[in-house]
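Q: Quick one, model01.csv (CSV, C-alpha atoms):
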```
chain,number,residue,atom,x,y,z
O,1,MET,CA,0.0,0.0,0.0
O,2,LEU,CA,2.9,2.4,0.7
O,3,ASP,CA,4.7,1.4,-2.5
O,4,TRP,CA,4.1,4.8,-4.0
O,5,ILE,CA,6.4,6.4,-1.5
O,6,TYR,CA,9.4,4.5,-3.0
O,7,GLN,CA,8.5,5.8,-6.5
O,8,PRO,CA,9.1,9.4,-7.7
O,9,TRP,CA,6.4,11.5,-6.1
O,10,PRO,CA,3.8,13.1,-8.4
O,11,TRP,CA,4.1,16.9,-9.0
O,12,TRP,CA,0.9,17.8,-7.2
O,13,PHE,CA,1.9,16.0,-4.0
O,14,SER,CA,5.5,17.5,-4.2
O,15,GLY,CA,4.1,20.9,-5.0
O,16,ILE,CA,1.7,21.0,-2.1
O,17,LEU,CA,4.6,19.9,0.3
O,18,VAL,CA,6.9,22.6,-1.1
O,19,GLY,CA,4.2,25.2,-0.6
O,20,LEU,CA,3.5,24.0,3.0
O,21,THR,CA,7.1,24.4,3.9
O,22,VAL,CA,6.6,28.2,4.0
O,23,PRO,CA,3.8,28.3,6.6
O,24,LEU,CA,5.3,25.4,8.5
O,25,LEU,CA,8.6,27.1,8.9
O,26,TYR,CA,6.9,30.4,10.0
O,27,TRP,CA,4.8,28.4,12.5
O,28,VAL,CA,7.7,26.5,14.1
O,29,SER,CA,10.3,29.3,14.1
O,30,GLY,CA,8.9,32.7,12.8
O,31,LYS,CA,11.5,32.5,10.0
O,32,GLY,CA,10.9,33.2,6.3
O,33,PHE,CA,11.7,30.2,4.1
O,34,GLY,CA,14.8,30.9,2.0
O,35,ILE,CA,18.0,28.9,1.6
O,36,SER,CA,20.7,31.1,0.0
O,37,THR,CA,21.0,33.2,3.2
O,38,GLY,CA,22.7,30.1,4.5
O,39,LEU,CA,25.6,30.7,2.2
O,40,GLN,CA,26.0,34.2,3.7
O,41,GLN,CA,25.8,32.7,7.1
O,42,ILE,CA,28.6,30.3,6.3
O,43,GLY,CA,30.7,33.1,4.9
O,44,ALA,CA,30.1,35.3,8.0
O,45,MET,CA,31.0,32.5,10.3
O,46,CYS,CA,34.2,31.7,8.3
O,47,LEU,CA,35.3,35.3,8.5
O,48,PRO,CA,34.2,36.5,12.0
O,49,ASN,CA,36.4,39.7,11.9
O,50,SER,CA,35.8,40.7,8.3
O,51,THR,CA,35.4,44.4,7.6
O,52,TRP,CA,33.3,43.7,4.5
O,53,SER,CA,29.9,45.2,5.1
O,54,TYR,CA,28.2,42.1,3.8
O,55,PHE,CA,29.5,40.2,6.8
O,56,LYS,CA,30.0,43.0,9.3
O,57,LYS,CA,26.3,44.1,9.2
O,58,PHE,CA,25.1,40.5,9.2
O,59,ASN,CA,23.4,39.2,12.3
O,60,ARG,CA,24.9,35.7,12.7
O,61,ARG,CA,22.6,34.7,15.6
O,62,GLU,CA,19.5,35.7,13.8
O,63,SER,CA,20.4,33.6,10.8
O,64,ALA,CA,21.9,30.6,12.5
O,65,TRP,CA,18.7,28.7,11.8
O,66,THR,CA,19.7,28.7,8.1
O,67,LEU,CA,22.6,26.3,8.8
O,68,VAL,CA,20.3,24.0,10.8
O,69,PHE,CA,17.8,24.0,7.9
O,70,ILE,CA,20.6,23.2,5.4
O,71,LEU,CA,21.7,20.3,7.7
O,72,GLY,CA,18.1,19.1,7.5
O,73,ILE,CA,18.1,19.2,3.7
O,74,VAL,CA,21.3,17.1,3.7
O,75,LEU,CA,19.7,14.6,6.1
O,76,GLY,CA,16.5,14.6,4.0
O,77,GLY,CA,18.5,13.9,0.8
O,78,TYR,CA,20.1,11.0,2.5
O,79,LEU,CA,16.9,9.5,3.9
O,80,ALA,CA,15.0,10.0,0.6
O,81,ASN,CA,17.7,8.4,-1.6
O,82,PHE,CA,18.7,5.5,0.7
O,83,TRP,CA,15.6,4.7,2.7
O,84,LEU,CA,12.7,6.0,0.7
O,85,SER,CA,13.6,5.0,-2.9
O,86,SER,CA,13.4,1.7,-4.7
O,87,ALA,CA,16.5,2.6,-6.7
O,88,PRO,CA,19.1,5.3,-6.1
O,89,LEU,CA,18.5,8.5,-8.2
O,90,GLU,CA,20.6,9.5,-11.1
O,91,PHE,CA,21.4,13.1,-10.1
O,92,LEU,CA,23.8,14.0,-12.9
O,93,PRO,CA,23.7,12.4,-16.4
O,94,GLU,CA,26.7,10.4,-17.5
O,95,HIS,CA,27.9,13.2,-19.9
O,96,GLN,CA,28.3,15.4,-16.8
O,97,LYS,CA,30.5,13.0,-14.9
O,98,ASN,CA,33.9,13.9,-16.3
O,99,TRP,CA,36.6,16.6,-15.9
O,100,MET,CA,34.8,19.1,-18.1
O,101,GLY,CA,31.5,18.4,-16.3
O,102,GLY,CA,33.2,19.0,-13.0
O,103,ILE,CA,34.6,22.4,-14.2
O,104,ARG,CA,31.1,23.3,-15.5
O,105,LEU,CA,29.7,22.5,-12.0
O,106,LEU,CA,32.3,24.8,-10.4
O,107,ILE,CA,31.6,27.7,-12.8
O,108,GLY,CA,27.8,27.1,-12.7
O,109,GLY,CA,28.0,26.9,-8.9
O,110,PHE,CA,29.9,30.2,-8.8
O,111,LEU,CA,27.0,31.8,-10.8
O,112,VAL,CA,24.5,30.2,-8.4
O,113,GLY,CA,26.2,31.6,-5.3
O,114,PHE,CA,27.1,35.0,-6.7
O,115,GLY,CA,23.8,35.5,-8.5
O,116,ALA,CA,21.6,34.4,-5.6
O,117,ARG,CA,23.3,36.7,-3.1
O,118,TYR,CA,23.4,39.6,-5.6
O,119,ALA,CA,19.6,39.1,-6.4
O,120,GLY,CA,18.9,38.8,-2.6
O,121,GLY,CA,17.5,35.3,-2.8
O,122,CYS,CA,17.0,32.1,-4.8
O,123,THR,CA,14.2,29.9,-5.9
O,124,SER,CA,13.0,29.4,-2.3
O,125,GLY,CA,13.3,32.9,-0.9
O,126,HIS,CA,12.2,34.8,-4.1
O,127,SER,CA,10.2,32.4,-6.3
O,128,ILE,CA,8.3,30.6,-3.5
O,129,THR,CA,8.2,32.8,-0.4
O,130,GLY,CA,8.5,36.1,-2.1
O,131,ILE,CA,5.8,35.6,-4.8
O,132,ALA,CA,3.5,33.9,-2.3
O,133,ASN,CA,3.7,37.2,-0.2
O,134,LEU,CA,3.0,39.3,-3.3
O,135,ASN,CA,6.4,40.9,-3.1
O,136,TRP,CA,6.9,42.3,-6.7
O,137,PRO,CA,10.7,42.4,-6.7
O,138,SER,CA,10.6,38.6,-6.1
O,139,LEU,CA,8.5,38.2,-9.3
O,140,VAL,CA,11.0,40.3,-11.2
O,141,ALA,CA,13.8,38.1,-9.8
O,142,THR,CA,12.0,34.9,-10.8
O,143,ILE,CA,11.5,36.3,-14.4
O,144,PHE,CA,15.2,37.0,-14.7
O,145,PHE,CA,16.1,33.6,-13.2
O,146,PHE,CA,14.3,32.2,-16.3
O,147,VAL,CA,15.8,34.8,-18.6
O,148,GLY,CA,19.3,33.6,-17.6
O,149,GLY,CA,18.5,29.9,-17.6
O,150,LEU,CA,16.7,30.0,-20.9
O,151,ALA,CA,19.4,32.1,-22.6
O,152,VAL,CA,22.1,29.6,-21.5
O,153,THR,CA,20.1,26.5,-22.3
O,154,TRP,CA,18.8,27.6,-25.7
O,155,GLY,CA,21.7,29.8,-26.7
O,156,LEU,CA,24.7,27.8,-25.6
O,157,GLY,CA,23.1,24.5,-24.6
O,158,SER,CA,24.4,22.1,-27.3
O,159,TRP,CA,27.8,23.9,-27.1
O,160,ILE,CA,28.1,23.5,-23.3
O,161,PHE,CA,26.4,20.1,-22.8
O,162,GLY,CA,26.9,18.4,-26.1
O,163,PRO,CA,24.1,17.1,-28.4
O,164,GLN,CA,23.2,14.1,-26.2
O,165,ALA,CA,21.7,16.3,-23.5
H,1,MET,CA,-0.4,44.4,-3.5
H,2,SER,CA,1.1,46.9,-1.1
H,3,THR,CA,-1.7,46.4,1.5
H,4,LEU,CA,-0.7,42.8,1.8
H,5,THR,CA,3.0,43.2,2.0
H,6,SER,CA,3.0,46.1,4.6
H,7,SER,CA,1.8,44.8,8.0
H,8,PRO,CA,0.7,47.0,10.9
H,9,SER,CA,3.8,48.7,12.4
H,10,ALA,CA,3.2,47.3,15.9
H,11,GLN,CA,3.3,43.8,14.5
H,12,SER,CA,6.4,44.3,12.4
H,13,THR,CA,8.4,45.8,15.3
H,14,ALA,CA,7.4,42.8,17.4
H,15,ALA,CA,8.5,40.5,14.6
H,16,ALA,CA,11.8,42.5,14.2
H,17,ALA,CA,12.5,42.1,17.9
H,18,ILE,CA,12.2,38.3,17.8
H,19,GLN,CA,14.2,38.0,14.6
H,20,THR,CA,17.3,39.6,16.1
H,21,ARG,CA,17.6,36.8,18.6
H,22,GLY,CA,18.5,33.2,17.9
H,23,LEU,CA,16.1,30.3,18.4
H,24,SER,CA,15.7,28.0,21.5
H,25,TRP,CA,17.1,24.5,21.3
H,26,SER,CA,13.7,23.1,20.6
H,27,GLY,CA,13.3,25.8,18.0
H,28,TYR,CA,16.4,24.6,16.1
H,29,LEU,CA,15.1,21.0,16.4
H,30,ARG,CA,11.9,22.0,14.8
H,31,VAL,CA,13.8,23.9,12.0
H,32,LEU,CA,15.8,20.7,11.5
H,33,ALA,CA,12.6,18.7,11.1
H,34,VAL,CA,11.2,21.0,8.5
H,35,GLY,CA,14.5,21.1,6.7
H,36,THR,CA,14.6,17.3,6.6
H,37,LEU,CA,11.1,17.1,5.3
H,38,PHE,CA,12.0,19.7,2.6
H,39,GLY,CA,15.1,17.7,1.7
H,40,ILE,CA,13.0,14.6,1.3
H,41,VAL,CA,10.5,16.4,-0.9
H,42,LEU,CA,13.2,17.9,-3.1
H,43,THR,CA,14.7,14.5,-3.7
H,44,LYS,CA,11.5,12.4,-4.0
H,45,SER,CA,10.1,15.0,-6.5
H,46,GLU,CA,13.3,14.7,-8.5
H,47,VAL,CA,13.7,18.5,-8.5
H,48,VAL,CA,17.3,17.7,-7.6
H,49,ARG,CA,18.0,15.9,-10.9
H,50,TRP,CA,20.0,17.8,-13.5
H,51,GLN,CA,17.9,16.3,-16.3
H,52,ARG,CA,14.6,17.6,-14.8
H,53,VAL,CA,16.0,21.2,-14.7
H,54,HIS,CA,17.4,20.8,-18.2
H,55,ASP,CA,14.0,19.5,-19.5
H,56,MET,CA,12.3,22.4,-17.7
H,57,PHE,CA,14.4,25.0,-19.5
H,58,LEU,CA,13.8,23.1,-22.8
H,59,PHE,CA,10.0,23.0,-22.2
H,60,ARG,CA,10.2,19.2,-22.7
H,61,GLU,CA,8.0,18.5,-19.7
H,62,PRO,CA,5.9,20.6,-17.3
H,63,HIS,CA,7.0,18.7,-14.1
H,64,MET,CA,9.2,21.5,-12.6
H,65,TYR,CA,6.7,24.3,-13.5
H,66,LEU,CA,3.8,22.4,-12.0
H,67,ILE,CA,5.7,21.8,-8.7
H,68,ILE,CA,6.9,25.4,-8.4
H,69,GLY,CA,3.4,26.7,-9.5
H,70,THR,CA,1.6,24.5,-7.0
H,71,GLY,CA,4.1,25.4,-4.3
H,72,VAL,CA,3.5,29.2,-4.9
H,73,VAL,CA,-0.3,28.8,-4.8
H,74,VAL,CA,-0.3,26.7,-1.6
H,75,ALA,CA,2.2,29.1,0.0
H,76,MET,CA,0.1,32.1,-1.1
H,77,ILE,CA,-3.1,30.7,0.3
H,78,SER,CA,-1.3,29.8,3.5
H,79,MET,CA,0.0,33.3,3.9
H,80,LEU,CA,-3.5,34.8,3.3
H,81,LEU,CA,-4.9,32.5,6.0
H,82,ILE,CA,-2.0,33.4,8.4
H,83,LYS,CA,-2.8,37.1,7.9
H,84,ARG,CA,-6.6,36.7,7.9
H,85,TYR,CA,-6.6,34.8,11.2
H,86,GLN,CA,-3.5,36.4,12.6
H,87,ILE,CA,-2.0,33.0,13.3
H,88,ARG,CA,1.0,33.1,15.6
H,89,THR,CA,4.1,30.9,15.8
H,90,ILE,CA,4.1,27.9,18.1
H,91,ASP,CA,5.8,30.2,20.7
H,92,GLY,CA,3.1,32.8,20.4
H,93,GLN,CA,5.0,35.3,18.4
H,94,PRO,CA,3.5,37.2,15.5
H,95,ILE,CA,4.3,36.1,11.9
H,96,ALA,CA,5.4,38.8,9.5
H,97,TYR,CA,7.0,38.6,6.0
H,98,GLU,CA,10.0,40.7,5.6
H,99,PRO,CA,9.9,42.1,2.0
H,100,LYS,CA,13.0,41.7,-0.2
H,101,PRO,CA,13.8,45.1,-1.8
H,102,PHE,CA,14.2,45.8,-5.5
H,103,HIS,CA,17.6,46.9,-6.9
H,104,ARG,CA,19.6,46.3,-10.1
H,105,GLY,CA,21.0,43.2,-8.5
H,106,VAL,CA,17.6,41.5,-8.7
H,107,VAL,CA,17.9,41.7,-12.5
H,108,LEU,CA,21.7,41.2,-13.0
H,109,GLY,CA,22.1,38.7,-10.2
H,110,GLY,CA,18.9,37.0,-11.1
H,111,MET,CA,20.1,36.3,-14.7
H,112,MET,CA,23.4,35.0,-13.3
H,113,PHE,CA,21.6,32.7,-10.9
H,114,GLY,CA,19.4,31.4,-13.7
H,115,ALA,CA,22.4,30.7,-15.9
H,116,GLY,CA,24.1,28.8,-13.0
H,117,TRP,CA,20.9,26.9,-12.3
H,118,SER,CA,20.7,25.7,-15.9
H,119,ILE,CA,24.4,24.7,-16.0
H,120,THR,CA,24.6,22.8,-12.6
H,121,GLY,CA,20.9,21.6,-12.6
H,122,ALA,CA,20.8,22.6,-9.0
H,123,CYS,CA,19.6,25.7,-7.1
H,124,PRO,CA,20.9,26.1,-3.5
H,125,GLY,CA,18.4,23.6,-1.8
H,126,PRO,CA,19.1,20.8,-4.2
H,127,ILE,CA,22.9,21.2,-3.9
H,128,PHE,CA,22.6,20.2,-0.2
H,129,ALA,CA,20.1,17.4,-1.0
H,130,GLN,CA,22.5,16.0,-3.6
H,131,LEU,CA,25.3,16.1,-1.1
H,132,GLY,CA,23.2,14.2,1.5
H,133,ALA,CA,22.2,11.7,-1.2
H,134,GLY,CA,25.9,10.9,-1.9
H,135,GLN,CA,26.4,12.7,-5.2
H,136,TRP,CA,30.0,13.6,-4.5
H,137,MET,CA,30.3,15.9,-7.6
H,138,ALA,CA,27.8,18.3,-5.9
H,139,VAL,CA,30.9,19.2,-3.7
H,140,LEU,CA,32.1,21.1,-6.8
H,141,THR,CA,28.8,23.0,-7.2
H,142,PHE,CA,28.9,23.8,-3.5
H,143,MET,CA,32.5,25.0,-3.6
H,144,GLY,CA,31.6,27.1,-6.7
H,145,ALA,CA,28.6,28.6,-4.8
H,146,LEU,CA,30.8,29.4,-1.8
H,147,ILE,CA,33.4,31.1,-4.0
H,148,GLY,CA,30.6,33.0,-5.7
H,149,MET,CA,29.2,34.2,-2.3
H,150,PHE,CA,32.6,35.3,-1.1
H,151,THR,CA,33.2,37.1,-4.3
H,152,TYR,CA,29.9,38.9,-4.0
H,153,ALA,CA,30.8,39.8,-0.4
H,154,ALA,CA,34.1,41.3,-1.5
H,155,TRP,CA,32.7,43.3,-4.4
H,156,LYS,CA,29.3,44.2,-3.0
H,157,ASP,CA,30.0,47.9,-2.4
H,158,LYS,CA,31.4,48.3,-5.9
H,159,LEU,CA,28.5,46.6,-7.7
H,160,PRO,CA,25.4,48.5,-8.9
H,161,HIS,CA,22.4,48.1,-6.5
```
Write out the structure in this file as structure tokens.
A:
Amino acid sequence: MLDWIYQPWPWWFSGILVGLTVPLLYWVSGKGFGISTGLQQIGAMCLPNSTWSYFKKFNRRESAWTLVFILGIVLGGYLANFWLSSAPLEFLPEHQKNWMGGIRLLIGGFLVGFGARYAGGCTSGHSITGIANLNWPSLVATIFFFVGGLAVTWGLGSWIFGPQA
Amino acid sequence: MSTLTSSPSAQSTAAAAIQTRGLSWSGYLRVLAVGTLFGIVLTKSEVVRWQRVHDMFLFREPHMYLIIGTGVVVAMISMLLIKRYQIRTIDGQPIAYEPKPFHRGVVLGGMMFGAGWSITGACPGPIFAQLGAGQWMAVLTFMGALIGMFTYAAWKDKLPH
């Protein structure tokens, strides 16, 4: 009867749970759902005496929960893949698992980290929490997430990833 | 729109007061539980798979759009209910959304983020879910994201905002 849990979850079930994360986190902690602030928290903790305003003006105690949340995601990824799946997931396709693919992940990761902090949030803080709270800059951010992603995929896709993607 | 994002001033000062403090131990435990649930959902929905993100940007399948769309609608209804019934946190504190401001970084950084998302197939949440699930190459994505964050921290005051 619980077989479906071990299969990939349908979009509607996943979507409802993603949406409920926002009120659930507010209810248990009073915190607004968003993940990329956790990157800033890591940076601020690595450089406690930094004179950069980005870390100096950052309240480390107020945002300490972001690290705990991230730890939860790591734990959730482990549980979902090794305890709640009939077969382990293929996260990256074979054509990404080589030296060039690794360099792409490093460069792409740079854009994710720099871009999310420059934009003030990522898919969670802007696209989910921000739009759900009718915060128009979050809608603008989400539109430009897709401008960037679509431009790379359609403009450079076959050059970056090869024809097999 | 503005009537919903701006909360009564008394409520927002109270919320600001609690947000400058850390959480209690039980508070962190509850955050860990919600984070774990979210990590499970990210993985079981396959939002964490490179191919799903690639197929989203190629409009090959609606899977990702449906999940994000449903998530936004459910979160929006939840926020309306929280405001309508003035629901408080488990500790009795008021709940208030802190709006993210608009500046040029929302556009420029947004495009960079989207480009990175399409290359790595992972936004920040999935990076951590991939790490937990044992996809070791996600270490590279994570390192890249950390270098990106540190670079932004170093350049912040020189960048247009």
Q: What lies within 10 Å of Lys100 in chain H using all atoms listed in the file, ignoring chain neighbours under 6 positions off, as a ChimeraX atom specification?
A: /O:119-121,125-126,130,135-138 /H:106
Q: Would you kindly return, as a ChimeraX atom specification, each protein, DNA or RNA residue with an atom no farther than 9 Å from any atom of Glu46 in chain H, considering all atoms listed in the file and excluding same-chain residues fewer than 2 positions away?
A: /O:8-9,89,91 /H:41-44,48-50,52,64
Q: Taking only C-alpha atoms into account, which of O:Trp159, O:Trp83, O:Phe33, O:Trp65 comes nearest chain H?
A: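 Of the candidates, the smallest distance to chain H is held by O:Trp65.
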Q: Taking all atoms listed in the file into account, name the residue in H:Gln51, H:Thr141, H:Thr151, H:Ser118 that is nearest to Leu150 in chain O.
A: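 Distance minimum relative to Leu150 in chain O lands on H:Ser118.
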Q: Taking all atoms listed in the file into account, which of H:Ala153, H:Val53, H:Met143, H:Ile95 comes nearest Leu92 in chain O?
A: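 For Leu92 in chain O, the nearest of the candidates is H:Val53.
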Q: Need to verify the contact set: Pro93 in chain O, 12 Å, all atoms listed in the file, exclusion of same-chain residues closer than 3 positions in sequence. Can you return it as JSON, numbers by chain?
A: {"O": [89, 90, 96, 97, 98, 101, 161, 162, 164, 165], "H": [49, 50, 51, 52, 53, 54, 120, 121, 135, 137]}
Q: Residues within 10 Å of range 58-62 of chain O, please, as a list in words. Count only C-alpha atoms; anything in the same chain fewer than 4 positions from it doesn't count.
A: Lys31, Gln40, Gln41, Ile42, Ala44, Met45, Pro48, Trp52, Ser53, Tyr54 and Thr66 of chain O; Ile18, Gln19, Thr20, Arg21, Gly22 and Leu23 of chain H
Q: For chain H, which residue among O:Leu47, O:Ala87, O:Ala132, O:Leu156 is the nearest when counting only C-alpha atoms?
A: O:Ala132
Q: Closest to chain H among O:Gly30, O:Gly38, O:Pro163, O:Gly155, using only C-alpha atoms?
A: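 Using only C-alpha atoms, chain H sits closest to O:Gly30.
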